[in-house]
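**Student:** This one is target11.txt, compact mmCIF, C-alpha atoms.
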```txt
# COMPACT_ATOMS: atom_id res chain seq x y z
CA MET P 1 64.16 185.99 63.59
CA THR P 2 63.01 189.57 63.80
CA ALA P 3 64.40 192.01 66.33
CA THR P 4 60.98 192.24 68.03
CA MET P 5 60.76 188.45 68.47
CA THR P 6 64.27 188.26 69.92
CA ALA P 7 63.40 191.04 72.32
CA VAL P 8 60.23 189.20 73.44
CA LEU P 9 62.14 185.95 73.97
CA ASN P 10 64.95 187.67 75.80
CA ASP P 11 62.52 189.35 78.16
CA GLY P 12 61.92 186.16 80.17
CA LEU P 13 65.64 185.40 80.58
CA PRO P 14 67.97 186.33 83.44
CA ALA P 15 70.19 189.34 82.84
CA GLU P 16 73.37 187.23 82.54
CA VAL P 17 71.87 185.08 79.79
CA ARG P 18 70.50 188.11 77.97
CA ALA P 19 73.95 189.70 78.11
CA LEU P 20 75.45 186.48 76.77
CA LEU P 21 73.06 186.29 73.83
CA ASP P 22 73.68 189.91 72.95
CA SER P 23 77.46 189.47 73.14
CA THR P 24 79.39 189.51 69.90
CA ASP P 25 82.64 188.30 71.45
CA GLY P 26 82.82 184.51 70.81
CA ALA P 27 85.51 183.78 73.44
CA ALA P 28 83.73 185.77 76.12
CA PHE P 29 80.50 183.91 75.28
CA GLU P 30 82.19 180.51 75.70
CA GLN P 31 83.81 181.57 78.93
CA ALA P 32 80.60 182.89 80.46
CA LEU P 33 78.71 179.74 79.42
CA ASP P 34 81.42 177.53 80.97
CA SER P 35 81.28 179.43 84.20
CA MET P 36 77.48 179.10 84.40
CA VAL P 37 77.62 175.34 83.78
CA ARG P 38 80.42 174.96 86.36
CA GLN P 39 78.35 176.86 88.89
CA ARG P 40 75.46 174.46 88.41
CA GLU P 41 77.74 171.44 88.74
CA GLN P 42 79.18 172.83 91.93
CA HIS P 43 75.68 173.02 93.43
CA LEU P 44 74.95 169.43 92.40
CA PHE P 45 78.29 168.29 93.69
CA ARG P 46 77.75 169.97 97.05
CA ALA P 47 74.26 168.50 97.37
CA LEU P 48 75.55 165.01 96.59
CA GLY P 49 78.41 165.36 99.02
CA VAL P 50 76.07 166.46 101.80
CA LEU P 51 73.72 163.56 100.98
CA ALA P 52 76.58 161.04 101.06
CA ARG P 53 77.89 162.46 104.32
CA ASP P 54 74.39 162.38 105.87
CA LEU P 55 73.80 158.77 104.84
CA HIS P 56 77.21 157.71 106.05
CA GLY P 57 76.67 159.54 109.33
CA ALA P 58 73.21 157.99 109.78
CA VAL P 59 74.55 154.49 109.18
CA CYS P 60 77.31 155.06 111.77
CA ARG P 61 75.03 156.82 114.26
CA LEU P 62 72.41 154.08 114.15
CA GLY P 63 75.06 151.67 115.37
CA SER P 64 76.22 153.88 118.23
CA ASP P 65 72.62 154.74 119.23
CA LEU P 66 71.86 151.05 119.49
CA ALA P 67 75.06 150.47 121.44
CA ASN P 68 74.03 153.20 123.90
CA GLU P 69 70.68 151.53 124.38
CA GLY P 70 72.38 148.71 126.18
CA VAL P 71 73.45 146.35 123.41
CA PRO P 72 76.35 144.57 125.11
CA GLU P 73 79.22 144.88 122.66
CA SER P 74 80.15 148.19 121.17
CA MET P 75 79.33 148.34 117.50
CA THR P 76 80.71 150.71 114.96
CA ASP P 77 77.81 150.92 112.56
CA ALA P 78 74.45 149.61 111.45
CA ARG P 79 76.02 146.96 109.26
CA ASN P 80 77.79 145.44 112.25
CA TYR P 81 74.57 145.60 114.20
CA LEU P 82 72.73 143.70 111.48
CA ALA P 83 75.55 141.14 111.34
CA GLU P 84 75.13 140.75 115.10
CA VAL P 85 71.40 140.13 114.59
CA LEU P 86 72.23 137.39 112.09
CA ASP P 87 74.72 135.82 114.47
CA MET P 88 72.36 135.89 117.44
CA SER P 89 69.45 134.38 115.50
CA SER P 90 71.74 131.70 114.10
CA LYS P 91 72.97 130.78 117.60
CA ALA P 92 69.39 130.57 118.85
CA ALA P 93 68.40 128.32 115.93
CA HIS P 94 71.40 126.06 116.53
CA ARG P 95 70.52 125.76 120.21
CA SER P 96 67.02 124.66 119.29
CA LEU P 97 68.48 122.12 116.85
CA ASP P 98 70.85 120.88 119.60
CA PHE P 99 67.81 120.37 121.79
CA VAL P 100 66.09 118.36 119.04
CA ASP P 101 69.22 116.23 118.58
CA ARG P 102 69.24 115.52 122.32
CA MET P 103 65.53 114.79 122.68
CA ARG P 104 64.92 112.71 119.57
CA PRO P 105 66.82 109.61 120.84
CA GLU P 106 65.09 110.03 124.22
CA ALA P 107 61.68 109.92 122.54
CA GLU P 108 62.71 106.93 120.42
CA ALA P 109 63.98 105.07 123.50
CA LEU P 110 60.78 105.80 125.44
CA SER P 111 58.69 104.50 122.56
CA ALA P 112 60.84 101.33 122.24
CA ASN P 113 60.66 100.70 125.99
CA ALA P 114 56.88 101.11 125.96
CA VAL P 115 56.63 98.58 123.12
CA ALA P 116 58.79 96.14 125.13
CA VAL P 117 56.51 96.50 128.18
CA LEU P 118 53.38 96.05 126.05
CA ASP P 119 54.88 92.92 124.42
CA PHE P 120 55.24 91.50 127.88
CA ASN P 121 52.00 92.84 129.34
CA SER P 122 49.21 94.09 127.09
CA SER P 123 46.49 94.18 129.75
CA GLU P 124 43.83 96.87 129.36
CA THR P 125 43.59 97.45 133.09
CA ASP P 126 47.06 96.85 134.53
CA PRO P 127 48.54 100.25 135.48
CA ALA P 128 51.98 99.36 134.01
CA ALA P 129 50.46 98.54 130.61
CA VAL P 130 48.21 101.62 130.68
CA LEU P 131 51.21 103.82 131.49
CA ALA P 132 53.26 102.14 128.73
CA ARG P 133 50.50 102.90 126.23
CA GLN P 134 50.38 106.53 127.34
CA ALA P 135 54.17 106.76 127.16
CA GLN P 136 54.07 105.50 123.58
CA VAL P 137 51.50 108.12 122.56
CA PHE P 138 53.57 110.81 124.27
CA ALA P 139 56.83 109.65 122.62
CA ASN P 140 55.23 109.68 119.16
CA ALA P 141 53.76 113.15 119.73
CA CYS P 142 57.20 114.35 120.86
CA ALA P 143 58.91 112.96 117.74
CA GLU P 144 56.37 114.78 115.55
CA GLY P 145 56.74 118.00 117.54
CA LEU P 146 60.53 117.83 117.26
CA ASN P 147 60.29 117.52 113.47
CA ASP P 148 58.09 120.62 113.37
CA MET P 149 60.59 122.42 115.56
CA VAL P 150 63.40 121.66 113.06
CA LEU P 151 61.36 123.07 110.20
CA VAL P 152 60.42 126.20 112.11
CA GLN P 153 64.14 127.01 112.45
CA SER P 154 64.31 127.57 108.69
CA TRP P 155 62.70 130.97 109.35
CA GLN P 156 66.10 132.01 110.71
CA ASP P 157 67.54 131.49 107.26
CA LEU P 158 64.70 133.40 105.58
CA ALA P 159 64.93 136.31 108.02
CA GLY P 160 68.71 136.23 107.67
CA GLN P 161 68.51 136.51 103.89
CA ARG P 162 66.38 139.62 104.20
CA VAL P 163 68.83 141.16 106.66
CA LYS P 164 71.67 140.40 104.25
CA LYS P 165 69.75 142.11 101.45
CA VAL P 166 69.32 145.24 103.60
CA VAL P 167 73.06 145.24 104.39
CA SER P 168 73.99 144.99 100.73
CA PHE P 169 71.41 147.66 99.83
CA ILE P 170 72.96 150.09 102.34
CA GLU P 171 76.39 149.30 100.91
CA SER P 172 75.29 149.80 97.34
CA VAL P 173 73.55 153.12 98.07
CA GLU P 174 76.61 154.31 99.92
CA SER P 175 79.04 153.35 97.20
CA SER P 176 76.82 154.70 94.40
CA LEU P 177 76.63 158.03 96.22
CA LEU P 178 80.38 158.07 96.72
CA GLU P 179 80.93 157.22 93.07
CA LEU P 180 78.64 160.14 92.14
CA VAL P 181 80.61 162.43 94.44
CA ARG P 182 83.80 161.25 92.76
CA LEU P 183 82.49 161.78 89.23
CA THR P 184 80.79 165.08 89.98
CA GLY P 185 83.92 166.25 91.76
CA ALA P 186 85.89 165.49 88.63
CA LEU P 187 83.36 167.38 86.49
CA ALA P 188 83.48 170.31 88.86
CA GLY P 189 87.16 170.68 88.14
CA ARG P 190 88.61 168.87 91.14
CA GLU P 191 90.97 166.01 90.61
CA ALA P 192 89.19 162.65 90.80
CA PRO P 193 90.73 160.29 93.32
CA VAL P 194 91.64 156.78 92.25
CA GLU P 195 88.49 154.77 91.65
CA VAL P 196 87.40 152.76 94.65
CA ALA P 197 85.80 149.58 93.38
CA LYS P 198 83.91 148.84 96.59
CA VAL P 199 83.97 151.31 99.41
CA ALA P 200 83.49 148.95 102.28
CA SER P 201 85.47 150.08 105.26
CA GLN P 202 84.64 153.01 107.43
CA ASP P 203 88.12 154.45 106.80
CA GLU P 204 87.77 154.33 103.03
CA VAL P 205 84.42 156.10 103.19
CA ASP P 206 85.73 158.78 105.54
CA ARG P 207 88.83 159.33 103.42
CA LEU P 208 86.92 159.68 100.16
CA LEU P 209 84.39 162.10 101.63
CA SER P 210 87.04 164.23 103.27
CA GLU P 211 89.04 164.39 100.02
CA PHE P 212 86.12 166.41 98.72
CA GLY P 213 85.79 168.49 101.83
CA PHE P 214 82.70 166.82 103.30
CA MET U 1 73.69 107.70 98.63
CA LYS U 2 76.22 110.56 98.84
CA ILE U 3 74.51 113.93 99.05
CA LEU U 4 76.06 117.42 99.04
CA VAL U 5 74.07 120.12 100.86
CA VAL U 6 75.02 123.65 99.76
CA ASP U 7 73.86 126.72 101.73
CA ASP U 8 75.64 129.74 103.21
CA PHE U 9 73.51 129.50 106.40
CA SER U 10 74.74 126.77 108.73
CA THR U 11 71.23 126.54 110.24
CA MET U 12 69.73 125.64 106.89
CA ARG U 13 72.43 123.08 106.12
CA ARG U 14 71.70 121.44 109.44
CA ILE U 15 67.93 121.48 108.86
CA VAL U 16 68.24 119.92 105.38
CA ARG U 17 70.65 117.30 106.77
CA ASN U 18 68.22 116.59 109.60
CA LEU U 19 65.33 116.14 107.17
CA LEU U 20 67.33 113.92 104.84
CA VAL U 21 68.31 111.69 107.77
CA GLU U 22 64.67 111.58 108.85
CA LEU U 23 63.77 110.43 105.33
CA GLY U 24 66.22 107.56 105.69
CA PHE U 25 69.43 108.88 104.09
CA SER U 26 72.68 108.02 105.84
CA ASN U 27 73.99 110.89 107.97
CA PRO U 28 77.73 110.18 107.44
CA LEU U 29 77.25 110.24 103.65
CA ILE U 30 75.82 113.77 103.71
CA GLN U 31 78.42 116.49 103.22
CA GLU U 32 78.11 120.27 103.35
CA ALA U 33 79.48 123.28 101.44
CA ASP U 34 78.84 126.96 102.24
CA ASP U 35 78.84 128.34 98.68
CA GLY U 36 78.86 127.27 95.03
CA ASN U 37 82.65 127.52 94.68
CA ALA U 38 83.32 125.22 97.61
CA ALA U 39 80.64 122.85 96.33
CA LEU U 40 82.11 122.68 92.84
CA THR U 41 85.57 121.87 94.22
CA MET U 42 84.09 119.06 96.33
CA LEU U 43 82.03 117.71 93.42
CA LYS U 44 85.11 117.61 91.16
CA ALA U 45 87.21 115.85 93.81
CA ASN U 46 84.65 113.24 94.95
CA ALA U 47 81.74 111.37 93.43
CA PHE U 48 78.34 112.50 94.75
CA ASP U 49 74.90 111.15 93.88
CA MET U 50 72.90 114.32 94.44
CA VAL U 51 73.19 118.04 95.22
CA VAL U 52 70.70 120.00 97.33
CA THR U 53 71.49 123.70 96.92
CA ASP U 54 70.30 127.14 98.00
CA TRP U 55 70.10 129.97 95.44
CA ASN U 56 71.39 133.05 97.27
CA MET U 57 74.99 132.52 98.30
CA PRO U 58 78.14 134.65 98.19
CA ASN U 59 80.92 133.99 95.63
CA MET U 60 78.97 131.51 93.51
CA THR U 61 75.17 131.36 93.62
CA GLY U 62 73.09 128.21 93.31
CA ILE U 63 72.09 128.93 89.71
CA GLU U 64 75.74 129.48 88.76
CA LEU U 65 76.62 126.21 90.48
CA LEU U 66 73.86 124.45 88.53
CA GLN U 67 75.16 125.92 85.25
CA ALA U 68 78.73 124.90 86.14
CA ILE U 69 77.58 121.35 86.93
CA ARG U 70 75.71 121.06 83.62
CA ALA U 71 78.74 122.43 81.74
CA GLU U 72 81.15 119.91 83.26
CA PRO U 73 81.15 116.59 81.29
CA LYS U 74 81.93 114.57 84.41
CA LEU U 75 79.12 116.14 86.45
CA LYS U 76 76.43 117.08 83.94
CA GLY U 77 74.10 114.17 84.80
CA LEU U 78 74.14 114.87 88.55
CA PRO U 79 70.64 115.44 90.02
CA VAL U 80 70.31 118.95 91.49
CA LEU U 81 67.49 119.95 93.84
CA MET U 82 67.14 123.64 94.53
CA VAL U 83 65.87 124.69 97.95
CA THR U 84 65.41 128.44 97.97
CA ALA U 85 63.49 131.46 99.19
CA GLU U 86 63.40 132.75 95.57
CA ASN U 87 59.89 132.19 94.33
CA ASN U 88 59.50 134.58 91.44
CA ARG U 89 58.57 133.23 88.04
CA GLU U 90 61.69 134.38 86.22
CA GLN U 91 63.98 132.62 88.66
CA ILE U 92 62.05 129.37 88.57
CA ILE U 93 62.12 129.48 84.76
CA ALA U 94 65.86 130.24 84.80
CA ALA U 95 66.47 127.24 87.05
CA ALA U 96 64.35 125.02 84.80
CA GLN U 97 66.21 126.21 81.72
CA ALA U 98 69.54 125.55 83.43
CA GLY U 99 68.40 121.95 83.95
CA VAL U 100 67.33 121.78 87.60
CA ASN U 101 65.79 118.44 88.65
CA GLY U 102 63.57 119.82 91.43
CA TYR U 103 62.70 123.17 93.01
CA ILE U 104 61.49 123.70 96.59
CA VAL U 105 60.48 127.08 97.99
CA LYS U 106 61.42 127.75 101.63
CA PRO U 107 59.97 127.29 104.14
CA PHE U 108 59.02 123.74 103.26
CA THR U 109 58.01 120.55 105.04
CA ALA U 110 59.60 117.12 105.20
CA ILE U 111 56.68 115.85 103.11
CA THR U 112 57.46 118.33 100.30
CA LEU U 113 61.12 117.34 100.39
CA LYS U 114 60.18 113.66 100.19
CA GLU U 115 57.78 114.25 97.29
CA LYS U 116 60.39 116.13 95.26
CA LEU U 117 63.12 113.57 95.97
CA ASP U 118 60.79 110.70 95.01
CA LYS U 119 59.92 112.48 91.78
CA ILE U 120 63.60 113.03 90.95
CA PHE U 121 64.42 109.36 91.53
CA GLU U 122 61.36 108.19 89.56
CA ARG U 123 62.38 110.30 86.56
CA LEU U 124 66.00 109.16 86.81
CA ALA U 125 64.91 105.52 86.95
CA ALA U 126 62.62 106.04 83.94
CA SER U 127 65.33 107.76 81.89
CA GLY U 128 67.84 105.08 82.97
CA ALA U 129 65.43 102.34 81.88
CA SER U 130 64.73 103.91 78.50
CA ALA U 131 68.43 104.57 77.81
```
In structure tokens, how does this file's structure come out?
**Tutor:**
Amino acid sequence: MTATMTAVLNDGLPAEVRALLDSTDGAAFEQALDSMVRQREQHLFRALGVLARDLHGAVCRLGSDLANEGVPESMTDARNYLAEVLDMSSKAAHRSLDFVDRMRPEAEALSANAVAVLDFNSSETDPAAVLARQAQVFANACAEGLNDMVLVQSWQDLAGQRVKKVVSFIESVESSLLELVRLTGALAGREAPVEVAKVASQDEVDRLLSEFGF
Amino acid sequence: MKILVVDDFSTMRRIVRNLLVELGFSNPLIQEADDGNAALTMLKANAFDMVVTDWNMPNMTGIELLQAIRAEPKLKGLPVLMVTAENNREQIIAAAQAGVNGYIVKPFTAITLKEKLDKIFERLAASGASA
């Protein structure tokens, strides 16, 4: 490479880099390069830490915001709130199923009684027989409706599965971010804390973030 | 017929039980497990005639349960019906490759459940007759 070409290339570079390239001292070159790389890592590390802290804070705040809006029991974070949603919808579904369990035998009994009346009196005009026939139609419609009601409750399970997926997504984002903070912290020259396989509890999350000063 | 219903949601276990009873299966012979691990322990301890399982469950999923059943000499012939919200192609293929006997996508109707069960029993009867 000619001197002119080097000069042209060097023109677009920051002063520190130009000084580095011109340096003839190998050790000084290495040292300066190391310090530039470390500086970059520190920026990345800080950005990740802030991101992790923000996410963690948002997850916690969402829970307390909801609690302030009049949700009866105090909840510590969004995950608990979602678990509460699951629990409430499950209770509602079970109550509907309880109702079906209670009403099904009633419908069956009404239908059987109507048949017994009609066996005894199948007149087309007698009010008792007419009522028995109507009761039978009603009992059969009820039995069908109750079956539909059972099936409709399966939406609780489908909605619940989606809620569970959201909970595990929040957890995985949070622990990936924390793992990045841990690794980047180690790269940036701080001592890496013991690996946390799954950062689940609020305390663990708080401890890990504060170890890095966030 | 002894049936094991496996699902982590108690609502769904109750619904499947309800439907099976409606289709004429005996209520006291239906048992429940809330994940694959619990199911496998029950299957090893007691003889069952059929398993109706969900896919998404903690600890051991439905597909892992199916694979474990097929890998166990004592259980490998047990009919397994999968009742799941998972309806993507890859998962249905994976279940078929693992040897599932029937696959129902939630939400489903009693008629669908009956059709799949009838098909399972027809095939079993045919393979039993040819054996």
**Student:** Show me which bits of chain U are within 7 Å of chain P, counting only C-alpha atoms, as an mmCIF file with C-alpha atoms, keeping the file's coordinate frame.
**Tutor:**
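Result written to part02.cif:
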```
data_model
loop_
_atom_site.group_PDB
_atom_site.id
_atom_site.type_symbol
_atom_site.label_atom_id
_atom_site.label_comp_id
_atom_site.auth_asym_id
_atom_site.auth_seq_id
_atom_site.Cartn_x
_atom_site.Cartn_y
_atom_site.Cartn_z
ATOM 1 C CA PHE U 9 73.510 129.500 106.400
ATOM 2 C CA THR U 11 71.230 126.540 110.240
ATOM 3 C CA MET U 12 69.730 125.640 106.890
ATOM 4 C CA ILE U 15 67.930 121.480 108.860
ATOM 5 C CA ALA U 85 63.490 131.460 99.190
ATOM 6 C CA PRO U 107 59.970 127.290 104.140
ATOM 7 C CA THR U 109 58.010 120.550 105.040
#
```
**Student:** Just the residues within 12 Å of Arg104 of chain P, please, counting all atoms listed in the file, with nothing from its chain fewer than 3 positions along; format it as a list of chain:residue names.
**Tutor:** P:Leu97, P:Asp98, P:Phe99, P:Val100, P:Asp101, P:Ala107, P:Glu108, P:Ala109, P:Leu110, P:Ser111, P:Ala139, P:Asn140, P:Ala141, P:Cys142, P:Ala143, P:Glu144, P:Gly145, P:Leu146, P:Asn147, P:Met149, P:Val150, U:Asn18, U:Glu22
**Student:** Name the closest residue to Lys2 of chain U among the candidates U:Met50, U:Val16, U:Val80, U:Val21; distances are taken between atoms, counting only C-alpha atoms.
**Tutor:**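 Among U:Met50, U:Val16, U:Val80, U:Val21, it is U:Met50 that comes nearest to Lys2 of chain U.
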**Student:** Mind checking which residues fall within 9 Å of Ala98 of chain U, counting only C-alpha atoms, ignoring those fewer than 5 positions away in the same chain, and posting them as an MDAnalysis selection string?
**Tutor:** chainID U and resid 63 66:67 70 93
**Student:** Smallest atom-to-atom distance to Trp55 of chain U: which of U:Arg17, U:Ile92, U:Gln97, U:Leu117, using only C-alpha atoms?
**Tutor:**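 Looking only at the distances to Trp55 of chain U, the closest residue turns out to be U:Ile92.
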**Student:** With a distance cut-off of 7 Å and only C-alpha atoms, select the neighbouring residues of Val117 of chain P, excluding the residue or stretch itself and same-chain residues fewer than 4 positions from it, and output the selection as an MDAnalysis selection string.
**Tutor:** chainID P and resid 113 121 129 132
**Student:** Now that the selection is made, can you save its residues with C-alpha atoms as a CSV table (one decimal), in the coordinates of the input?
**Tutor:**
```csv
chain,number,residue,atom,x,y,z
P,113,ASN,CA,60.7,100.7,126.0
P,121,ASN,CA,52.0,92.8,129.3
P,129,ALA,CA,50.5,98.5,130.6
P,132,ALA,CA,53.3,102.1,128.7
```
**Student:** Just to confirm, what's the straight-line distance from atom CA of Phe48 of chain U to atom CA of Glu115 of chain U in Å (one decimal)?
**Tutor:** 20.8 Å
**Student:** So the first atom is atom CA of Leu180 of chain P and the second is atom CA of Asp54 of chain P; what is the distance between them in Å, to one decimal place?
**Tutor:**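 Those two atoms sit 14.5 Å apart.
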**Student:** One decimal, in Å: what's the spacing between atom CA of Val173 of chain P and atom CA of Asn59 of chain U?
**Tutor:**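 These atoms are spaced 20.6 Å apart.
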**Student:** Skip Gly36 of chain U itself and residues of its chain fewer than 6 positions away, then list as JSON, numbers by chain all residues within 8 Å of it, counting all atoms listed in the file.
**Tutor:** {"U": [6, 57, 59, 60, 61, 62, 64, 65]}
**Student:** Extract, using all atoms listed in the file, all DNA, RNA and protein residues at most 12 Å from Val105 of chain U, discarding same-chain residues fewer than 2 positions from it, and format them as JSON, numbers by chain.
**Tutor:** {"P": [154, 158], "U": [53, 54, 55, 81, 82, 83, 84, 85, 86, 87, 88, 89, 91, 92, 102, 103, 107, 108, 109, 112, 113, 116]}
**Student:** Tell me which of U:Leu19, U:Leu4, U:Ala96, U:Val52 sits closest to Glu32 of chain U, counting all atoms listed in the file.
**Tutor:** U:Leu4
